[in-house]
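Everything below concerns the one structure shown next.
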Amino acid sequence: MKRIMLFQLATLLTVFSIANSANAQAYCALRDPVRQIGELYSGYSYTSNVGIVTTDSRKEVGNRLPFNLHFNELGAHTLYTVTKAGEKVGYVHVRPEITRWGLMEITWSLDPYLRLKDFTFQRCRNRRRANLEAEDFKKQLRGKSFDELLELISLDGKVLSDGGVNVDSLDDEFAAAVIRCALKTIAVTSIVWEAEVKTVATFPADSELEPVEEVYTADVKEALQSMSIADNKDIDRANVKVYCMHNDLKNRFLVETRWFGAKPEPLVKWYVSAGTITRIGSENGWPSKEVGDAFRILEGKNLAGLIDCKTAVELSALEVLLICRELGQSK
Amino acid sequence: MSRLVIVVVVLLTFVASEAPAADTLFPWNKTPDEQNDTGFLKQIDDWLEHGNPERLADSNLQSSRFRNNLRMTVDLAGRSIVPTRNGSSSSGSIAYIGLDVHKVFTDDQGDYATLIAQPYLTKLNSVKGPHFFEGNNDWELVNRIMNVNFTRVFDERMNIKVGHFEVPYGLEQPLNTNGTLRDLASPRNLGVKADWGVTLNGTLTDYDYEIGVSRGTGNEFFDSEDPYVVAGRLGTKQDENLILGVSFFKGSIWNPGALNGYKAGLADASGIAGNILDRERYGFDIQYHFERPMSFLAEFNWGKDYERDVFNSLLELDFYNPSKSVMWFTQFHYLSEQYDDSMGGWEDFIDGSVGWRWTPNNNWALSVMYVQELSAKHPAGVEKTLGSKFIAQLRFRF
């Protein structure tokens, strides 16, 4: 009998030694944040998506943020996709943050476009946690995108930036840690669960797209003028195509532009939803990896995040978002 | 031998049924390029490395469904034990090799079940193990935890867990120290840590709970002398800094080792027959996490072993660094049982331990612990000598 057991275990070890990640903690100690999900999305159902935070993911987070994931944050983690009546309404993810009060764990709720909806502490030793659990603090973060959150903290992420968030001075470092954790959560979610997030960030597969006949309306031209980009030469304005979704409350657009900023000129497809760029692709490929990266980094940006734009790619994104805003208002 | 052949045939059949019809199972008749692209070994290599992306994308395949939301880790550990008593030391060790599997089952409506499977091959080397080991140098396949928790029978307020689970009692239920030197479930208190059965568990607005009925046989499931365990814990939610819990335990445990230990403490054990130990416990546990990384834990247990009153307790103080990669812990166990006055009244036993755990990353964990018996009183005033124990464990998960 023992030989059979030994053989069975050896077989299991051989066949299943596919383990692509490990966690220091035994899996029997894992706990899903079901109470927090219930508090954040009462009456909704959720689906687990286990993803691996690899060293490559860590590097990519480091490219987007001035601070990085701790090595203990690597390994398998879960993104919970929250649905109601079959429609994805957001995501929940638990992320730790090292503070001088010990390891803090926060359950984050994000909307389908990875803007911050809400949070609850899963573990927090700081006795002043109630101050940050209060609506006064939370409402200052709700709806904020990655870029908007980034502006709220200092370059090293250790303290709040001036004039960003209003909290008691005693909570400055604590609040910065919470925002730092939010930024890591959004970055990790968009990198590790890219496929899952894209699925909902782009249009539904059966959506009906209607072409917009006149793109550069008087309102659009005026908006471009007011932002001083009426003379933007990087977009082939004569051939811009815009499609909007039929009967759509979220103002979702697909904008196709030929971009003159690099050779061979990419035909860029911009997916915009509720004023945020949810996805960027090129129908004929990117002229170089650098150009592709410069476009892709705009995913998740909205108008507020592009006010101080400097690069040619950002200027084009600003134009696309202004087009969508004006056309959306005139619908 | 015939079983071996059956297992191999079943495995090959499984692989063959997963292979696309157009692919030949074995690559004998293929060119080197074809073999590189579609050969059987390439398929295995792909699967072992990261799964075949195209096949994974086909959600109708068994392998895709199985690998989705799967965590699986090989867990290797070696534990060295040096006990000392009466001035003389000995040494022994335990080797563990096992799989730690966590799988969430989902469908279009969301998650509906979670599987945890932890088969561990455990080899003793000159160490006295639990009763299911046949000697001090035996090995066994130990099912640490092996259950399915059905999470959508009702809602998050009530799940049903079936299989081999930790008996829901005391601090061990929410904290779970399986596989680590630090242990919150004293074997002298309950006599069973994990058992086969069913629990109802869930999270309420401010409370967590789990109530279980189980076989009372521990690692193995068998039908002998009718043992059983009914246990449960209700605790405040784990995301606060002060966590309180109450537990109960009632059972007849099939554990000859624990029973022999119990009988050794009796002046007359003639009235106790068989291999089961009757126990009843009521527990209260507390965790307090201070603002700086330090925690205080305590568990108090009242109850009976047969007709004798029992009071057992555990106190623990933990210190961490902010990232929790280093942990210092110290524990005190106080175990006592009431005997006749003529035999000395309450017998108590106290031990204290100091431990350290270092987890530099997700793969490695090094732990050491020193346990010292501080007080051991035997019925009828027969004093026992005090011993100590040094334990070190290196663990590698990949």
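For the structure tokens, the naming scheme is as follows: chains receive sequential letters (A, B, ...) according to their order of presentation, residues are indexed from 1 within each chain, and ligands are indexed from 1 in presentation order.
The residues of chain A lying at most 6 Å from chain B, with only C-alpha atoms taken into account, are A:Ile18, A:Ala19, A:Ala22, A:Asn23, A:Ala24, A:Ala29, A:Tyr46, A:Thr47, A:Asn49, A:Val50, A:Asn72, A:Ile98, A:Arg100, A:Trp101, A:Gly102, A:Leu103, A:Gln122, A:Arg123, A:Arg125, A:Asn126.
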*asked:* Would you pick out the contacts of A:Ile37 at 10 Å or less, using only C-alpha atoms, so that residues sharing its chain but fewer than 6 positions from it are not included, and give the list as a ChimeraX atom specification?
replied: /A:43-46,80,82,91-93,107-109,119-120 /B:156
*Spatial neighbours of A:Ser330, 10 Å, only C-alpha atoms, chain gap at least 6 places, as a PyMOL selection string*: chain A and resi 217+219+324
Save out the residues we just selected, C-alpha atoms, as a JSON list (two decimals), in the first residue's frame.
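For reference, part-v4.json as written:
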[["chain", "number", "residue", "atom", "x", "y", "z"],
["A", 217, "THR", "CA", -17.63, 70.16, -35.58],
["A", 219, "ASP", "CA", -17.57, 72.69, -30.89],
["A", 324, "CYS", "CA", -15.00, 62.40, -27.73]]
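Residue neighbourhood of A:Asp236, excluding near-sequence residues (fewer than 5 positions): A:Thr257, A:Arg258, A:Trp259, A:Phe260, at 7 Å, using only C-alpha atoms.
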For the residues in that selection, give me C-alpha atoms as a short mmCIF file (atom, residue, chain, number, x, y, z; two decimals), in the first residue's frame.
data_model
loop_
_atom_site.label_atom_id
_atom_site.label_comp_id
_atom_site.auth_asym_id
_atom_site.auth_seq_id
_atom_site.Cartn_x
_atom_site.Cartn_y
_atom_site.Cartn_z
CA THR A 257 -6.43 58.14 -36.61
CA ARG A 258 -3.41 57.92 -38.84
CA TRP A 259 -0.52 59.28 -36.81
CA PHE A 260 2.19 61.21 -38.62
#
_I'd like to know which residues of stretch 66-237 of chain B are strand (DSSP E) (by DSSP, run on the backbone); could you write them as a PyMOL selection string?_
chain B and resi 70-85+88-89+92-107+110-125+139-150+159-166+194-203+207-214+228-236
*Any idea what the distance is between atom CA of B:Leu76 and atom CA of B:Tyr96?*
5.6 Å
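Going from atom CA of A:Phe146 over to atom CA of A:Thr99, you cover 21.1 Å.
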_stretch 238-249 of chain A environment, 7 Å, only C-alpha atoms, sequence neighbours closer than 4 positions dropped, as a list in words_ = Ser207, Glu208, Leu209, Glu210, Pro211, Val212, Val215, Phe253, Leu254, Val255, Glu256 and Thr257 of chain A
What does the file look like for those residues with N, CA, C and O atoms, as a PDB file, in the first residue's frame?
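Wrote it out as result-v6.pdb, contents follow:
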ATOM      1  N   SER A 207     -21.514  44.768 -29.613  1.00  0.00           N
ATOM      2  CA  SER A 207     -21.949  46.171 -29.633  1.00  0.00           C
ATOM      3  C   SER A 207     -22.116  46.685 -31.076  1.00  0.00           C
ATOM      4  O   SER A 207     -21.395  46.284 -31.973  1.00  0.00           O
ATOM      5  N   GLU A 208     -23.083  47.571 -31.246  1.00  0.00           N
ATOM      6  CA  GLU A 208     -23.326  48.172 -32.564  1.00  0.00           C
ATOM      7  C   GLU A 208     -22.633  49.524 -32.610  1.00  0.00           C
ATOM      8  O   GLU A 208     -22.916  50.406 -31.811  1.00  0.00           O
ATOM      9  N   LEU A 209     -21.731  49.685 -33.561  1.00  0.00           N
ATOM     10  CA  LEU A 209     -20.997  50.939 -33.682  1.00  0.00           C
ATOM     11  C   LEU A 209     -21.577  51.775 -34.817  1.00  0.00           C
ATOM     12  O   LEU A 209     -21.792  51.281 -35.923  1.00  0.00           O
ATOM     13  N   GLU A 210     -21.844  53.015 -34.521  1.00  0.00           N
ATOM     14  CA  GLU A 210     -22.375  53.922 -35.543  1.00  0.00           C
ATOM     15  C   GLU A 210     -21.297  54.928 -35.927  1.00  0.00           C
ATOM     16  O   GLU A 210     -20.712  55.567 -35.044  1.00  0.00           O
ATOM     17  N   PRO A 211     -21.025  55.085 -37.226  1.00  0.00           N
ATOM     18  CA  PRO A 211     -20.031  56.083 -37.618  1.00  0.00           C
ATOM     19  C   PRO A 211     -20.553  57.502 -37.387  1.00  0.00           C
ATOM     20  O   PRO A 211     -21.741  57.781 -37.569  1.00  0.00           O
ATOM     21  N   VAL A 212     -19.672  58.360 -36.942  1.00  0.00           N
ATOM     22  CA  VAL A 212     -20.041  59.774 -36.757  1.00  0.00           C
ATOM     23  C   VAL A 212     -19.707  60.506 -38.053  1.00  0.00           C
ATOM     24  O   VAL A 212     -18.568  60.437 -38.534  1.00  0.00           O
ATOM     25  N   VAL A 215     -16.817  64.907 -37.741  1.00  0.00           N
ATOM     26  CA  VAL A 215     -15.973  64.775 -36.550  1.00  0.00           C
ATOM     27  C   VAL A 215     -15.567  66.158 -36.030  1.00  0.00           C
ATOM     28  O   VAL A 215     -15.785  66.491 -34.866  1.00  0.00           O
ATOM     29  N   PHE A 253     -16.515  55.465 -27.402  1.00  0.00           N
ATOM     30  CA  PHE A 253     -16.136  55.804 -28.776  1.00  0.00           C
ATOM     31  C   PHE A 253     -14.951  54.963 -29.232  1.00  0.00           C
ATOM     32  O   PHE A 253     -14.092  54.589 -28.428  1.00  0.00           O
ATOM     33  N   LEU A 254     -14.934  54.713 -30.532  1.00  0.00           N
ATOM     34  CA  LEU A 254     -13.727  54.180 -31.170  1.00  0.00           C
ATOM     35  C   LEU A 254     -13.263  55.249 -32.158  1.00  0.00           C
ATOM     36  O   LEU A 254     -14.040  55.682 -33.024  1.00  0.00           O
ATOM     37  N   VAL A 255     -12.040  55.691 -31.987  1.00  0.00           N
ATOM     38  CA  VAL A 255     -11.491  56.735 -32.861  1.00  0.00           C
ATOM     39  C   VAL A 255     -10.305  56.144 -33.622  1.00  0.00           C
ATOM     40  O   VAL A 255      -9.400  55.565 -33.002  1.00  0.00           O
ATOM     41  N   GLU A 256     -10.344  56.278 -34.941  1.00  0.00           N
ATOM     42  CA  GLU A 256      -9.234  55.768 -35.762  1.00  0.00           C
ATOM     43  C   GLU A 256      -8.496  56.961 -36.373  1.00  0.00           C
ATOM     44  O   GLU A 256      -9.126  57.800 -37.049  1.00  0.00           O
ATOM     45  N   THR A 257      -7.215  57.019 -36.087  1.00  0.00           N
ATOM     46  CA  THR A 257      -6.428  58.142 -36.614  1.00  0.00           C
ATOM     47  C   THR A 257      -5.124  57.630 -37.220  1.00  0.00           C
ATOM     48  O   THR A 257      -4.495  56.733 -36.653  1.00  0.00           O
TER      49      THR A 257
END
*6 Å contact set for stretch 371-378 of chain B, only C-alpha atoms, chain neighbours under 5 positions out, as number ranges by chain*: B: 347-353, 383-384, 386-389
Suppose we keep N, CA and C atoms; can you now write the selection as a JSON list (two decimals), in the first residue's frame?
[["chain", "number", "residue", "atom", "x", "y", "z"],
["B", 347, "GLU", "N", -3.02, 18.67, 38.94],
["B", 347, "GLU", "CA", -1.71, 18.44, 38.32],
["B", 347, "GLU", "C", -1.52, 19.51, 37.26],
["B", 348, "ASP", "N", -0.40, 20.17, 37.29],
["B", 348, "ASP", "CA", -0.19, 21.16, 36.23],
["B", 348, "ASP", "C", 1.16, 20.98, 35.56],
["B", 349, "PHE", "N", 1.20, 21.46, 34.38],
["B", 349, "PHE", "CA", 2.38, 21.33, 33.54],
["B", 349, "PHE", "C", 2.55, 22.67, 32.82],
["B", 350, "ILE", "N", 3.75, 23.22, 32.87],
["B", 350, "ILE", "CA", 3.99, 24.50, 32.21],
["B", 350, "ILE", "C", 5.22, 24.36, 31.32],
["B", 351, "ASP", "N", 5.12, 24.84, 30.13],
["B", 351, "ASP", "CA", 6.34, 24.98, 29.33],
["B", 351, "ASP", "C", 6.37, 26.35, 28.67],
["B", 352, "GLY", "N", 7.58, 26.77, 28.38],
["B", 352, "GLY", "CA", 7.77, 28.07, 27.72],
["B", 352, "GLY", "C", 8.65, 27.87, 26.51],
["B", 353, "SER", "N", 8.43, 28.69, 25.50],
["B", 353, "SER", "CA", 9.25, 28.55, 24.30],
["B", 353, "SER", "C", 9.56, 29.92, 23.71],
["B", 383, "GLU", "N", 7.62, 13.83, 41.49],
["B", 383, "GLU", "CA", 8.12, 14.90, 40.63],
["B", 383, "GLU", "C", 8.76, 14.30, 39.37],
["B", 384, "LYS", "N", 8.52, 14.98, 38.25],
["B", 384, "LYS", "CA", 9.14, 14.54, 37.00],
["B", 384, "LYS", "C", 10.30, 15.48, 36.70],
["B", 386, "LEU", "N", 12.56, 17.90, 34.45],
["B", 386, "LEU", "CA", 12.18, 18.85, 33.41],
["B", 386, "LEU", "C", 13.10, 18.70, 32.21],
["B", 387, "GLY", "N", 12.53, 18.70, 31.05],
["B", 387, "GLY", "CA", 13.32, 18.56, 29.83],
["B", 387, "GLY", "C", 13.23, 19.80, 28.97],
["B", 388, "SER", "N", 13.98, 19.77, 27.90],
["B", 388, "SER", "CA", 13.94, 20.90, 26.95],
["B", 388, "SER", "C", 14.08, 20.33, 25.54],
["B", 389, "LYS", "N", 13.89, 21.20, 24.60],
["B", 389, "LYS", "CA", 13.90, 20.74, 23.21],
["B", 389, "LYS", "C", 14.33, 21.90, 22.32]]
Hey, what does DSSP flag as helix (DSSP H, G or I) within stretch 137-180 of chain A? Can you give it to me as a PDB file with N, CA, C and O atoms, in the first residue's frame?
ATOM      1  N   PHE A 137     -12.295  61.550   4.043  1.00  0.00           N
ATOM      2  CA  PHE A 137     -11.069  61.176   3.329  1.00  0.00           C
ATOM      3  C   PHE A 137     -11.411  60.408   2.055  1.00  0.00           C
ATOM      4  O   PHE A 137     -10.879  60.687   0.974  1.00  0.00           O
ATOM      5  N   LYS A 138     -12.316  59.458   2.174  1.00  0.00           N
ATOM      6  CA  LYS A 138     -12.614  58.595   1.027  1.00  0.00           C
ATOM      7  C   LYS A 138     -13.141  59.384  -0.166  1.00  0.00           C
ATOM      8  O   LYS A 138     -12.811  59.091  -1.313  1.00  0.00           O
ATOM      9  N   LYS A 139     -13.956  60.400   0.109  1.00  0.00           N
ATOM     10  CA  LYS A 139     -14.551  61.124  -1.016  1.00  0.00           C
ATOM     11  C   LYS A 139     -13.496  61.916  -1.800  1.00  0.00           C
ATOM     12  O   LYS A 139     -13.720  62.276  -2.952  1.00  0.00           O
ATOM     13  N   GLN A 140     -12.358  62.171  -1.164  1.00  0.00           N
ATOM     14  CA  GLN A 140     -11.284  62.876  -1.867  1.00  0.00           C
ATOM     15  C   GLN A 140     -10.547  61.950  -2.842  1.00  0.00           C
ATOM     16  O   GLN A 140      -9.817  62.411  -3.708  1.00  0.00           O
ATOM     17  N   LEU A 141     -10.729  60.647  -2.668  1.00  0.00           N
ATOM     18  CA  LEU A 141     -10.046  59.678  -3.542  1.00  0.00           C
ATOM     19  C   LEU A 141     -10.981  59.059  -4.575  1.00  0.00           C
ATOM     20  O   LEU A 141     -10.536  58.596  -5.624  1.00  0.00           O
ATOM     21  N   PHE A 146      -5.305  56.718 -12.045  1.00  0.00           N
ATOM     22  CA  PHE A 146      -3.896  56.517 -11.673  1.00  0.00           C
ATOM     23  C   PHE A 146      -3.145  57.849 -11.654  1.00  0.00           C
ATOM     24  O   PHE A 146      -2.468  58.182 -10.683  1.00  0.00           O
ATOM     25  N   ASP A 147      -3.287  58.623 -12.733  1.00  0.00           N
ATOM     26  CA  ASP A 147      -2.542  59.884 -12.830  1.00  0.00           C
ATOM     27  C   ASP A 147      -2.969  60.882 -11.767  1.00  0.00           C
ATOM     28  O   ASP A 147      -2.149  61.593 -11.194  1.00  0.00           O
ATOM     29  N   GLU A 148      -4.257  60.923 -11.525  1.00  0.00           N
ATOM     30  CA  GLU A 148      -4.752  61.871 -10.525  1.00  0.00           C
ATOM     31  C   GLU A 148      -4.261  61.503  -9.123  1.00  0.00           C
ATOM     32  O   GLU A 148      -3.925  62.372  -8.324  1.00  0.00           O
ATOM     33  N   LEU A 149      -4.203  60.205  -8.856  1.00  0.00           N
ATOM     34  CA  LEU A 149      -3.694  59.763  -7.548  1.00  0.00           C
ATOM     35  C   LEU A 149      -2.203  60.060  -7.409  1.00  0.00           C
ATOM     36  O   LEU A 149      -1.732  60.435  -6.340  1.00  0.00           O
ATOM     37  N   LEU A 150      -1.495  59.889  -8.520  1.00  0.00           N
ATOM     38  CA  LEU A 150      -0.042  60.115  -8.489  1.00  0.00           C
ATOM     39  C   LEU A 150       0.286  61.553  -8.097  1.00  0.00           C
ATOM     40  O   LEU A 150       1.300  61.818  -7.447  1.00  0.00           O
ATOM     41  N   SER A 169      -2.648  66.765   9.897  1.00  0.00           N
ATOM     42  CA  SER A 169      -1.205  66.644   9.641  1.00  0.00           C
ATOM     43  C   SER A 169      -0.618  65.376  10.265  1.00  0.00           C
ATOM     44  O   SER A 169       0.362  64.825   9.768  1.00  0.00           O
ATOM     45  N   LEU A 170      -1.253  64.884  11.337  1.00  0.00           N
ATOM     46  CA  LEU A 170      -0.759  63.654  11.965  1.00  0.00           C
ATOM     47  C   LEU A 170      -0.952  62.436  11.056  1.00  0.00           C
ATOM     48  O   LEU A 170      -0.314  61.400  11.239  1.00  0.00           O
ATOM     49  N   ASP A 171      -1.857  62.569  10.096  1.00  0.00           N
ATOM     50  CA  ASP A 171      -2.167  61.438   9.217  1.00  0.00           C
ATOM     51  C   ASP A 171      -1.492  61.540   7.856  1.00  0.00           C
ATOM     52  O   ASP A 171      -1.786  60.750   6.957  1.00  0.00           O
ATOM     53  N   ASP A 172      -0.600  62.503   7.705  1.00  0.00           N
ATOM     54  CA  ASP A 172       0.016  62.746   6.409  1.00  0.00           C
ATOM     55  C   ASP A 172       0.728  61.486   5.877  1.00  0.00           C
ATOM     56  O   ASP A 172       0.487  61.029   4.761  1.00  0.00           O
ATOM     57  N   GLU A 173       1.578  60.914   6.692  1.00  0.00           N
ATOM     58  CA  GLU A 173       2.350  59.734   6.263  1.00  0.00           C
ATOM     59  C   GLU A 173       1.430  58.526   6.043  1.00  0.00           C
ATOM     60  O   GLU A 173       1.609  57.749   5.098  1.00  0.00           O
ATOM     61  N   PHE A 174       0.455  58.402   6.917  1.00  0.00           N
ATOM     62  CA  PHE A 174      -0.511  57.301   6.831  1.00  0.00           C
ATOM     63  C   PHE A 174      -1.317  57.402   5.527  1.00  0.00           C
ATOM     64  O   PHE A 174      -1.465  56.420   4.778  1.00  0.00           O
ATOM     65  N   ALA A 175      -1.804  58.602   5.229  1.00  0.00           N
ATOM     66  CA  ALA A 175      -2.603  58.800   4.008  1.00  0.00           C
ATOM     67  C   ALA A 175      -1.750  58.561   2.764  1.00  0.00           C
ATOM     68  O   ALA A 175      -2.218  57.980   1.773  1.00  0.00           O
ATOM     69  N   ALA A 176      -0.481  58.986   2.822  1.00  0.00           N
ATOM     70  CA  ALA A 176       0.410  58.754   1.675  1.00  0.00           C
ATOM     71  C   ALA A 176       0.594  57.260   1.439  1.00  0.00           C
ATOM     72  O   ALA A 176       0.640  56.801   0.292  1.00  0.00           O
ATOM     73  N   ALA A 177       0.684  56.488   2.543  1.00  0.00           N
ATOM     74  CA  ALA A 177       0.840  55.028   2.404  1.00  0.00           C
ATOM     75  C   ALA A 177      -0.399  54.422   1.745  1.00  0.00           C
ATOM     76  O   ALA A 177      -0.303  53.513   0.914  1.00  0.00           O
ATOM     77  N   VAL A 178      -1.567  54.932   2.112  1.00  0.00           N
ATOM     78  CA  VAL A 178      -2.810  54.419   1.516  1.00  0.00           C
ATOM     79  C   VAL A 178      -2.834  54.729   0.015  1.00  0.00           C
ATOM     80  O   VAL A 178      -3.170  53.865  -0.813  1.00  0.00           O
ATOM     81  N   ILE A 179      -2.458  55.944  -0.351  1.00  0.00           N
ATOM     82  CA  ILE A 179      -2.479  56.324  -1.773  1.00  0.00           C
ATOM     83  C   ILE A 179      -1.404  55.553  -2.548  1.00  0.00           C
ATOM     84  O   ILE A 179      -1.622  55.116  -3.684  1.00  0.00           O
ATOM     85  N   ARG A 180      -0.265  55.354  -1.899  1.00  0.00           N
ATOM     86  CA  ARG A 180       0.796  54.549  -2.524  1.00  0.00           C
ATOM     87  C   ARG A 180       0.273  53.146  -2.827  1.00  0.00           C
ATOM     88  O   ARG A 180       0.496  52.597  -3.911  1.00  0.00           O
TER      89      ARG A 180
END
*List the neighbours of A:Ile191 out to 10 Å using only C-alpha atoms; skip same-chain residues closer than 6 positions along the sequence, and give me the result as an MDAnalysis selection string.*
chainID A and resid 53 56:58 60:61 185 197
Given the selection you just returned, output its residues as a file containing N, CA, C and O atoms, formatted as an mmCIF file, in the first residue's frame.
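Dumped to selection.cif:
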data_model
loop_
_atom_site.group_PDB
_atom_site.id
_atom_site.type_symbol
_atom_site.label_atom_id
_atom_site.label_comp_id
_atom_site.auth_asym_id
_atom_site.auth_seq_id
_atom_site.Cartn_x
_atom_site.Cartn_y
_atom_site.Cartn_z
ATOM 1 N N VAL A 53 2.164 37.692 -9.897
ATOM 2 C CA VAL A 53 2.994 38.900 -9.884
ATOM 3 C C VAL A 53 4.446 38.433 -9.971
ATOM 4 O O VAL A 53 4.996 37.901 -9.008
ATOM 5 N N ASP A 56 9.130 40.288 -13.553
ATOM 6 C CA ASP A 56 8.919 41.178 -14.703
ATOM 7 C C ASP A 56 7.803 42.182 -14.405
ATOM 8 O O ASP A 56 7.893 43.356 -14.764
ATOM 9 N N SER A 57 6.722 41.691 -13.773
ATOM 10 C CA SER A 57 5.628 42.605 -13.407
ATOM 11 C C SER A 57 6.158 43.672 -12.468
ATOM 12 O O SER A 57 5.804 44.851 -12.564
ATOM 13 N N ARG A 58 7.010 43.236 -11.545
ATOM 14 C CA ARG A 58 7.571 44.181 -10.572
ATOM 15 C C ARG A 58 8.374 45.266 -11.288
ATOM 16 O O ARG A 58 8.270 46.448 -10.954
ATOM 17 N N GLU A 60 7.924 46.288 -14.295
ATOM 18 C CA GLU A 60 7.008 47.162 -15.021
ATOM 19 C C GLU A 60 6.326 48.152 -14.078
ATOM 20 O O GLU A 60 6.119 49.316 -14.420
ATOM 21 N N VAL A 61 5.995 47.673 -12.881
ATOM 22 C CA VAL A 61 5.427 48.591 -11.884
ATOM 23 C C VAL A 61 6.456 49.677 -11.564
ATOM 24 O O VAL A 61 6.128 50.861 -11.452
ATOM 25 N N THR A 185 -1.878 49.088 -6.611
ATOM 26 C CA THR A 185 -2.998 48.211 -6.957
ATOM 27 C C THR A 185 -3.421 48.427 -8.402
ATOM 28 O O THR A 185 -3.622 47.469 -9.161
ATOM 29 N N VAL A 197 -8.846 42.872 -17.580
ATOM 30 C CA VAL A 197 -9.245 44.285 -17.524
ATOM 31 C C VAL A 197 -9.613 44.784 -18.919
ATOM 32 O O VAL A 197 -10.575 45.515 -19.098
#
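Reported to one decimal place, the separation of atom CA of B:Gln331 from atom CA of B:Gln287 is 13.6 Å.
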